[in-house]
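Visitor: protein_35.cif is reproduced below (mmCIF, C-alpha atoms).
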data_start
#
loop_
_atom_site.label_atom_id
_atom_site.label_comp_id
_atom_site.auth_asym_id
_atom_site.auth_seq_id
_atom_site.Cartn_x
_atom_site.Cartn_y
_atom_site.Cartn_z
CA MET A 1 36.16 96.49 121.65
CA GLN A 2 32.49 97.22 121.06
CA THR A 3 31.69 99.95 118.54
CA ARG A 4 29.08 102.67 118.59
CA ARG A 5 27.94 105.03 115.86
CA LEU A 6 28.56 108.69 116.60
CA GLY A 7 25.13 110.01 115.81
CA THR A 8 22.89 109.31 112.84
CA HIS A 9 25.38 110.76 110.37
CA GLY A 10 28.70 110.01 112.08
CA PRO A 11 31.29 107.24 111.86
CA LEU A 12 31.51 104.00 113.76
CA ALA A 13 33.89 104.37 116.69
CA PRO A 14 35.01 102.25 119.63
CA ALA A 15 33.14 102.80 122.88
CA ILE A 16 36.42 104.05 124.37
CA GLY A 17 38.55 106.65 122.64
CA LEU A 18 42.07 107.82 123.40
CA GLY A 19 42.45 111.42 124.54
CA CYS A 20 45.93 112.46 123.48
CA GLY A 21 46.18 115.79 125.31
CA PRO A 22 48.29 114.41 128.21
CA MET A 23 50.98 113.39 125.71
CA SER A 24 51.83 117.04 125.07
CA ALA A 25 51.58 118.33 128.63
CA GLY A 26 54.43 119.07 131.01
CA ASP A 27 57.66 117.36 129.96
CA PRO A 28 56.43 114.84 127.38
CA ASP A 29 58.22 111.59 126.60
CA ASP A 30 57.61 111.09 122.89
CA ALA A 31 58.75 107.46 122.80
CA THR A 32 56.35 106.50 125.59
CA SER A 33 53.55 108.47 123.95
CA VAL A 34 54.06 106.72 120.62
CA ALA A 35 54.08 103.37 122.45
CA THR A 36 50.79 104.36 124.09
CA LEU A 37 49.22 105.21 120.75
CA ARG A 38 50.44 101.91 119.30
CA ALA A 39 49.06 99.95 122.27
CA ALA A 40 45.68 101.69 121.92
CA ILE A 41 45.36 101.09 118.19
CA ASP A 42 46.45 97.46 118.51
CA ALA A 43 43.82 96.96 121.24
CA GLY A 44 41.03 98.38 119.09
CA ILE A 45 40.93 101.85 120.68
CA THR A 46 40.91 103.48 117.28
CA LEU A 47 39.18 106.78 118.10
CA ILE A 48 42.10 109.19 118.50
CA ASP A 49 41.27 112.64 119.86
CA THR A 50 43.66 115.55 119.47
CA ALA A 51 43.77 119.32 118.90
CA ASP A 52 46.10 121.57 116.95
CA PHE A 53 46.81 123.53 120.14
CA TYR A 54 47.90 120.49 122.19
CA GLY A 55 51.57 121.32 122.38
CA ASN A 56 51.16 123.81 119.52
CA GLY A 57 51.10 121.04 116.90
CA HIS A 58 53.25 118.58 118.84
CA ASN A 59 50.31 116.25 119.50
CA GLU A 60 49.31 115.91 115.88
CA SER A 61 52.92 115.16 114.91
CA LEU A 62 53.05 112.41 117.55
CA ILE A 63 50.02 110.74 115.99
CA ARG A 64 51.68 110.80 112.58
CA ALA A 65 54.81 109.22 114.07
CA ALA A 66 52.78 106.43 115.67
CA LEU A 67 50.83 105.35 112.59
CA ARG A 68 51.97 102.34 110.62
CA THR A 69 51.05 101.21 107.14
CA GLY A 70 47.33 100.46 107.04
CA ASP A 71 46.50 102.23 110.32
CA ARG A 72 44.95 105.31 108.76
CA GLU A 73 42.13 103.30 107.20
CA ARG A 74 41.06 101.87 110.56
CA ILE A 75 41.35 104.85 112.90
CA VAL A 76 39.01 107.79 113.46
CA ILE A 77 40.89 111.04 114.01
CA SER A 78 38.93 113.66 115.96
CA ASP A 79 40.67 117.03 115.83
CA LYS A 80 39.88 120.44 117.35
CA PHE A 81 40.85 123.90 116.17
CA GLY A 82 40.33 127.48 117.28
CA GLY A 83 42.23 127.54 120.56
CA LEU A 84 44.92 130.22 120.43
CA ARG A 85 48.16 130.03 122.41
CA ASP A 86 51.20 132.29 122.60
CA PRO A 87 54.79 130.94 122.35
CA SER A 88 54.84 130.20 126.09
CA GLY A 89 51.78 128.00 125.72
CA ARG A 90 49.43 130.43 127.46
CA PHE A 91 45.85 130.38 126.21
CA VAL A 92 44.98 133.71 124.55
CA GLY A 93 41.57 133.27 122.94
CA ILE A 94 39.31 131.54 120.41
CA ASP A 95 39.21 132.12 116.66
CA THR A 96 36.77 130.13 114.51
CA ARG A 97 36.48 132.51 111.57
CA PRO A 98 36.08 130.60 108.29
CA SER A 99 39.45 131.78 106.98
CA SER A 100 41.17 130.81 110.22
CA MET A 101 39.51 127.40 110.20
CA LYS A 102 40.68 126.69 106.65
CA SER A 103 44.23 127.70 107.52
CA ALA A 104 44.23 125.60 110.69
CA LEU A 105 42.93 122.61 108.76
CA ALA A 106 45.69 122.89 106.17
CA TYR A 107 48.39 122.81 108.85
CA SER A 108 46.71 119.96 110.74
CA LEU A 109 46.49 117.81 107.62
CA GLN A 110 50.21 118.34 107.05
CA ARG A 111 51.22 117.55 110.64
CA LEU A 112 49.01 114.45 110.74
CA GLY A 113 50.26 113.30 107.36
CA THR A 114 46.77 112.62 106.06
CA ASP A 115 44.48 113.87 103.33
CA HIS A 116 41.41 114.08 105.58
CA ILE A 117 40.26 114.42 109.18
CA ASP A 118 37.41 112.18 110.23
CA ILE A 119 35.76 114.56 112.73
CA TYR A 120 36.76 118.22 112.80
CA ARG A 121 35.41 120.59 115.42
CA PRO A 122 35.84 124.07 116.89
CA ALA A 123 37.21 123.72 120.40
CA ARG A 124 34.82 126.30 121.84
CA LEU A 125 32.13 128.66 120.63
CA ASP A 126 33.66 131.88 119.35
CA PRO A 127 31.50 134.74 120.71
CA ASP A 128 32.47 136.92 117.74
CA VAL A 129 31.59 134.45 114.98
CA PRO A 130 28.07 133.09 114.36
CA ILE A 131 28.12 129.31 114.56
CA GLU A 132 26.36 129.25 111.19
CA ASP A 133 29.40 130.91 109.58
CA THR A 134 31.85 128.45 111.07
CA VAL A 135 29.80 125.35 110.28
CA GLY A 136 28.98 126.63 106.79
CA ALA A 137 32.69 126.96 106.01
CA MET A 138 33.36 123.53 107.51
CA ALA A 139 30.64 122.10 105.24
CA GLU A 140 32.70 123.36 102.30
CA MET A 141 35.63 121.33 103.64
CA VAL A 142 33.37 118.26 103.82
CA GLN A 143 32.34 118.77 100.22
CA ALA A 144 35.99 119.09 99.21
CA GLY A 145 36.83 115.81 100.99
CA TRP A 146 39.28 117.20 103.55
CA VAL A 147 36.82 116.65 106.42
CA ARG A 148 34.52 113.66 106.72
CA HIS A 149 32.26 114.76 109.61
CA ILE A 150 31.63 117.94 111.59
CA GLY A 151 31.63 117.91 115.38
CA LEU A 152 31.21 120.52 118.08
CA SER A 153 32.60 120.97 121.57
CA GLU A 154 31.08 122.42 124.74
CA VAL A 155 28.10 124.14 123.15
CA GLY A 156 24.60 124.42 124.54
CA ALA A 157 21.38 123.00 123.12
CA GLU A 158 20.39 126.16 121.20
CA THR A 159 23.79 126.45 119.50
CA LEU A 160 23.70 122.76 118.65
CA ARG A 161 20.33 123.21 116.94
CA ARG A 162 21.55 126.19 114.93
CA ALA A 163 24.67 124.36 113.80
CA HIS A 164 22.78 121.18 112.91
CA ALA A 165 20.41 123.20 110.74
CA VAL A 166 23.38 124.22 108.56
CA HIS A 167 25.02 120.79 108.30
CA PRO A 168 24.50 117.50 110.16
CA ILE A 169 26.60 117.35 113.31
CA ALA A 170 28.16 113.97 114.03
CA ASP A 171 28.87 114.42 117.71
CA LEU A 172 29.22 116.86 120.56
CA GLN A 173 32.35 116.59 122.66
CA ILE A 174 31.59 117.67 126.21
CA GLU A 175 32.62 116.95 129.77
CA TYR A 176 30.44 114.23 131.27
CA SER A 177 31.12 112.17 134.36
CA LEU A 178 29.62 111.25 137.69
CA PHE A 179 31.01 114.58 138.90
CA SER A 180 29.89 116.66 135.88
CA ARG A 181 26.29 115.98 134.91
CA GLY A 182 25.22 119.35 133.53
CA VAL A 183 24.74 117.77 130.11
CA GLU A 184 21.69 115.97 131.52
CA ARG A 185 19.74 119.22 131.95
CA SER A 186 18.94 119.65 128.24
CA ILE A 187 21.96 118.97 126.03
CA LEU A 188 21.81 115.17 126.09
CA ALA A 189 18.12 115.17 125.22
CA THR A 190 18.78 117.57 122.33
CA CYS A 191 21.56 115.31 121.02
CA ARG A 192 19.16 112.38 121.04
CA GLU A 193 16.42 114.38 119.34
CA LEU A 194 18.74 115.50 116.54
CA GLY A 195 20.62 112.23 116.15
CA VAL A 196 23.91 113.69 117.38
CA GLY A 197 26.39 111.46 119.19
CA LEU A 198 28.10 112.47 122.42
CA THR A 199 31.81 112.09 123.07
CA ALA A 200 32.41 112.41 126.80
CA TYR A 201 35.71 113.75 128.07
CA GLY A 202 36.76 114.34 131.67
CA VAL A 203 35.18 110.99 132.59
CA LEU A 204 37.59 110.69 135.54
CA ALA A 205 36.93 114.25 136.77
CA HIS A 206 40.49 115.51 136.34
CA GLY A 207 41.85 112.66 138.43
CA LEU A 208 39.33 112.73 141.27
CA LEU A 209 37.63 109.57 140.01
CA THR A 210 40.83 107.63 139.68
CA GLY A 211 40.31 106.93 143.36
CA ALA A 212 43.91 107.84 144.03
CA TYR A 213 43.93 111.64 144.23
CA ALA A 214 46.10 112.70 147.16
CA GLY A 215 45.64 116.45 147.16
CA GLY A 216 49.08 117.86 146.69
CA GLY A 217 48.10 121.52 146.47
CA GLU A 218 45.23 123.43 144.96
CA VAL A 219 44.72 123.61 141.21
CA GLY A 220 43.76 127.21 140.51
CA HIS A 221 41.31 126.64 137.66
CA LEU A 222 39.60 123.60 139.24
CA PRO A 223 37.49 124.65 142.25
CA ARG A 224 36.56 121.03 142.96
CA LEU A 225 40.16 120.45 144.02
CA HIS A 226 40.15 123.28 146.58
CA GLY A 227 39.92 123.00 150.36
CA ASP A 228 36.50 122.02 151.65
CA ASN A 229 35.34 121.18 148.12
CA LEU A 230 38.12 118.64 147.80
CA ALA A 231 37.30 117.05 151.14
CA THR A 232 33.62 116.72 150.19
CA ASN A 233 34.43 115.25 146.79
CA LEU A 234 36.98 112.77 148.10
CA ALA A 235 34.33 111.54 150.55
CA LEU A 236 32.08 110.83 147.56
CA VAL A 237 34.93 108.91 145.93
CA GLU A 238 35.21 106.75 149.04
CA ARG A 239 31.50 105.95 148.79
CA LEU A 240 32.05 104.94 145.19
CA ARG A 241 34.98 102.78 146.24
CA GLU A 242 32.61 100.61 148.26
CA VAL A 243 30.56 99.94 145.12
CA ALA A 244 33.71 99.31 143.08
CA ASP A 245 35.14 96.94 145.67
CA ALA A 246 31.92 94.93 145.62
CA ARG A 247 32.40 94.44 141.87
CA GLY A 248 36.12 93.76 142.15
CA VAL A 249 37.08 96.80 140.05
CA THR A 250 38.61 100.22 140.64
CA VAL A 251 36.74 103.48 141.07
CA ALA A 252 38.09 104.56 137.67
CA HIS A 253 36.72 101.43 135.97
CA LEU A 254 33.35 102.07 137.57
CA ALA A 255 33.32 105.74 136.55
CA VAL A 256 34.06 105.02 132.88
CA ALA A 257 31.56 102.15 132.73
CA TRP A 258 28.89 104.44 134.25
CA VAL A 259 29.35 106.98 131.44
CA LEU A 260 29.05 104.27 128.80
CA ALA A 261 25.90 102.95 130.47
CA GLN A 262 24.12 106.30 130.00
CA GLY A 263 23.34 105.64 126.34
CA GLU A 264 24.42 103.79 123.22
CA GLU A 265 25.15 107.10 121.48
CA ILE A 266 27.86 107.95 124.02
CA VAL A 267 31.57 107.17 123.73
CA ALA A 268 34.11 107.96 126.43
CA LEU A 269 37.54 109.51 126.00
CA VAL A 270 40.23 108.32 128.38
CA GLY A 271 43.34 110.46 128.49
CA ALA A 272 46.61 108.55 128.57
CA SER A 273 50.32 109.03 128.10
CA ARG A 274 51.48 105.58 129.24
CA PRO A 275 50.69 102.14 127.75
CA SER A 276 49.54 100.83 131.15
CA ARG A 277 46.50 103.09 130.95
CA ILE A 278 45.29 101.22 127.87
CA ALA A 279 44.71 98.02 129.85
CA ASP A 280 42.66 100.01 132.37
CA ALA A 281 40.52 101.44 129.57
CA LEU A 282 39.88 97.97 128.16
CA THR A 283 38.74 96.72 131.57
CA ALA A 284 36.31 99.63 131.89
CA ALA A 285 34.95 99.06 128.38
CA GLY A 286 34.18 95.44 129.22
CA LEU A 287 32.44 96.19 132.53
CA ALA A 288 28.68 95.72 132.29
CA LEU A 289 26.74 97.45 135.06
CA SER A 290 23.48 96.00 136.32
CA ASP A 291 20.47 98.06 137.37
CA ALA A 292 21.50 97.39 140.96
CA ASP A 293 25.01 98.69 140.25
CA LEU A 294 23.65 101.86 138.68
CA ALA A 295 21.31 102.43 141.62
CA ALA A 296 24.18 101.98 144.06
CA ILE A 297 26.32 104.43 142.11
CA ASP A 298 23.53 107.04 142.06
CA ALA A 299 23.08 106.59 145.80
CA ALA A 300 26.81 107.08 146.38
CA VAL A 301 26.98 110.23 144.25
CA PRO A 302 23.53 111.84 144.04
CA VAL A 303 23.01 114.58 141.46
CA GLY A 304 24.08 117.86 143.03
CA ALA A 305 26.31 116.30 145.69
CA VAL A 306 29.60 117.37 144.10
CA ALA A 307 31.13 120.51 145.62
CA GLY A 308 32.48 123.30 143.44
CA GLU A 309 32.10 124.40 139.82
CA ARG A 310 33.81 122.66 136.92
CA TYR A 311 36.24 125.53 136.37
CA ALA A 312 37.08 128.94 137.74
CA ALA A 313 34.68 131.73 136.76
CA PRO A 314 36.67 133.11 133.75
CA LEU A 315 36.79 129.67 132.14
CA MET A 316 33.17 128.90 132.97
CA ALA A 317 32.16 132.11 131.19
CA MET A 318 33.67 130.72 127.98
CA LEU A 319 31.48 127.60 128.03
CA ASP A 320 28.35 127.97 125.94
CA SER A 321 27.28 124.63 127.41
CA GLU A 322 27.01 126.17 130.89
CA ARG A 323 24.77 129.12 129.96
#
As structure tokens, what does this structure read like?
Guide:
Amino acid sequence: MQTRRLGTHGPLAPAIGLGCGPMSAGDPDDATSVATLRAAIDAGITLIDTADFYGNGHNESLIRAALRTGDRERIVISDKFGGLRDPSGRFVGIDTRPSSMKSALAYSLQRLGTDHIDIYRPARLDPDVPIEDTVGAMAEMVQAGWVRHIGLSEVGAETLRRAHAVHPIADLQIEYSLFSRGVERSILATCRELGVGLTAYGVLAHGLLTGAYAGGGEVGHLPRLHGDNLATNLALVERLREVADARGVTVAHLAVAWVLAQGEEIVALVGASRPSRIADALTAAGLALSDADLAAIDAAVPVGAVAGERYAAPLMAMLDSER
């Protein structure tokens, strides 16, 4: 597994990271999830991304259960805080106040069974808390040794600059795929200017770019999976399939490799809850795309061709990156 440095000030990480969110969704199978984590670590996928609100702490505890002696020294744990859920699991807001961050960190360290988190980040921008306050308090945690690097998630270029002025930001976690290219408007250039890495999630567009999405009903918060939008987007997937078939790979392999080809400062998160997905991620990481491949992909999915917004309007309003 090739490695890439997450920004000028960040850690070395594999080009592919494991997104652990699916392991705490629906009716999770802990034994299979632990096996998936073990398969990833053994294969060199040692960037492990989680959040304290994935399963209300369940996800972090899974990671602790999966680690063996010596694993902690060779993995990079990326953890998010600030997302608030009620006992039913319903999302109820964002809280990144310094006191709340410190409390969340204490509980995360305990659940993970570690004395530090490699990259710690607020899950979203809190509209009621200046980013300078949050990052300033996180810098205190870096100085104390409980956090190694500070990251951000789904913030725009201006917020990134303000945060970076307080303390170096290792990476920005943000949705980036062939179907979500908003980061290219200004955010990616700002990351490069400041020496901030980019951790791309949603690289398979919520399943659309697996090449196997069958519909099965509308997903309320994902307009791209609705009606005419879905039909348009599945037609784009079929155009991508022609390019993938010519290379002897799947649409998913092609989609992940495309993200990695956009810059050496970019790593891609692949969500998984089954060990079989690890082999797919390894194939994608090893797929080198030629200039001709990239041109064919751009022709199949031109910028602006995707139908529908990333999320429903209430969720889009929460994304500083989309303003």
Visitor: Show which residues sit within 8 Å of range 127-143 of chain A, as a PyMOL selection string. Count only C-alpha atoms, and ignore same-chain residues fewer than 6 positions away.
Guide: chain A and resi 96-98+101-102+149-150+159+162-163+166-167
Visitor: List the spatial neighbours of Gly83 in chain A as a list in words - criterion: any atom at most 12 Å away, all atoms listed in the file, same-chain residues fewer than 5 positions off excluded.
Guide: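 Contacts, in chain order: Ala51, Asp52, Phe53, Tyr54, Gly55, Asn56, Gly57, Gly89, Arg90, Phe91, Val92, Gly93, Ile94, Asp95, Thr96, Arg97, Ser100, Met101, Ala104, Arg121, Pro122, Ala123, Arg124, Leu125, Asp126, Ser153 and Met318 of chain A.
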Visitor: Which residues come within 10 Å of Gly304 in chain A, counting all atoms listed in the file, excluding same-chain residues fewer than 5 positions away, as a VMD selection string?
Guide: chain A and resid 179 to 182
Visitor: Using the chain letters and numbers from this file, what does the PyMOL selection byres ((chain A and resi 192-203) around 6) select? Give the answer as a ChimeraX atom specification.
Guide: /A:6-8,170-177,189-191,204-205,265-269
Visitor: In Å, with one decimal, what is the gap from CA of Ala15 in chain A to CA of Ile187 in chain A?
Guide: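 Interatomic distance here is 19.9 Å.
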Visitor: By how many Å are CA of Arg161 in chain A and CA of Ser108 in chain A apart?
Guide: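 Computing the Euclidean distance for CA of Arg161 in chain A and CA of Ser108 in chain A yields 27.3 Å.
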Visitor: Could you expand the PyMOL selection byres ((chain A and resi 39) around 10) into the explicit residues it covers here, written as number ranges by chain?
Guide: A: 33-38, 40-45, 66, 274-279
Visitor: Closest to Ala313 in chain A among A:Gly10, A:Gly17, A:Pro87, A:Pro223, using all atoms listed in the file?
Guide: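 Closest residue, counting all atoms listed in the file: A:Pro223.
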Visitor: May I ask which of the residues A:Val155, A:Val270, A:Leu254, A:Ala235 is the closest one to Thr50 in chain A, counting all atoms listed in the file?
Guide: A:Val270
Visitor: At what distance in Å, to one decimal, does CA of Asp30 in chain A lie from CA of Leu209 in chain A?
Guide: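 Calculated distance between CA of Leu209 in chain A and CA of Asp30 in chain A is 26.4 Å.
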Visitor: Could you write out as a PyMOL selection string the residues that the PyMOL selection byres ((chain A and resi 71-77) around 7) matches in the shown file?
Guide: chain A and resi 13+46-49+67-70+78-79+117-119
Visitor: Since we have the selection now, will you write its residues out, keeping C-alpha atoms, as an mmCIF file, in the coordinates of the input?
Guide:
data_model
loop_
_atom_site.group_PDB
_atom_site.id
_atom_site.type_symbol
_atom_site.label_atom_id
_atom_site.label_comp_id
_atom_site.auth_asym_id
_atom_site.auth_seq_id
_atom_site.Cartn_x
_atom_site.Cartn_y
_atom_site.Cartn_z
ATOM 1 C CA ALA A 13 33.890 104.370 116.690
ATOM 2 C CA THR A 46 40.910 103.480 117.280
ATOM 3 C CA LEU A 47 39.180 106.780 118.100
ATOM 4 C CA ILE A 48 42.100 109.190 118.500
ATOM 5 C CA ASP A 49 41.270 112.640 119.860
ATOM 6 C CA LEU A 67 50.830 105.350 112.590
ATOM 7 C CA ARG A 68 51.970 102.340 110.620
ATOM 8 C CA THR A 69 51.050 101.210 107.140
ATOM 9 C CA GLY A 70 47.330 100.460 107.040
ATOM 10 C CA SER A 78 38.930 113.660 115.960
ATOM 11 C CA ASP A 79 40.670 117.030 115.830
ATOM 12 C CA ILE A 117 40.260 114.420 109.180
ATOM 13 C CA ASP A 118 37.410 112.180 110.230
ATOM 14 C CA ILE A 119 35.760 114.560 112.730
#
Visitor: Which residue, A:Glu60, A:Glu309, A:Gly151, A:Thr32, has the smallest gap to Leu230 in chain A when you use all atoms listed in the file?
Guide: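 Of A:Glu60, A:Glu309, A:Gly151, A:Thr32, the one nearest Leu230 in chain A is A:Glu309, counting all atoms listed in the file.
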Visitor: Name the closest residue to Ala284 in chain A among the candidates A:Ala31, A:Leu109, A:Ile16, A:Leu188; distances are taken between atoms, counting only C-alpha atoms.
Guide: A:Ile16
Visitor: Find the residue from A:Arg185, A:Arg4, A:Arg224, A:His9 that sits nearest to Gly207 in chain A; use all atoms listed in the file when measuring.
Guide: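 Closest candidate: A:Arg224.
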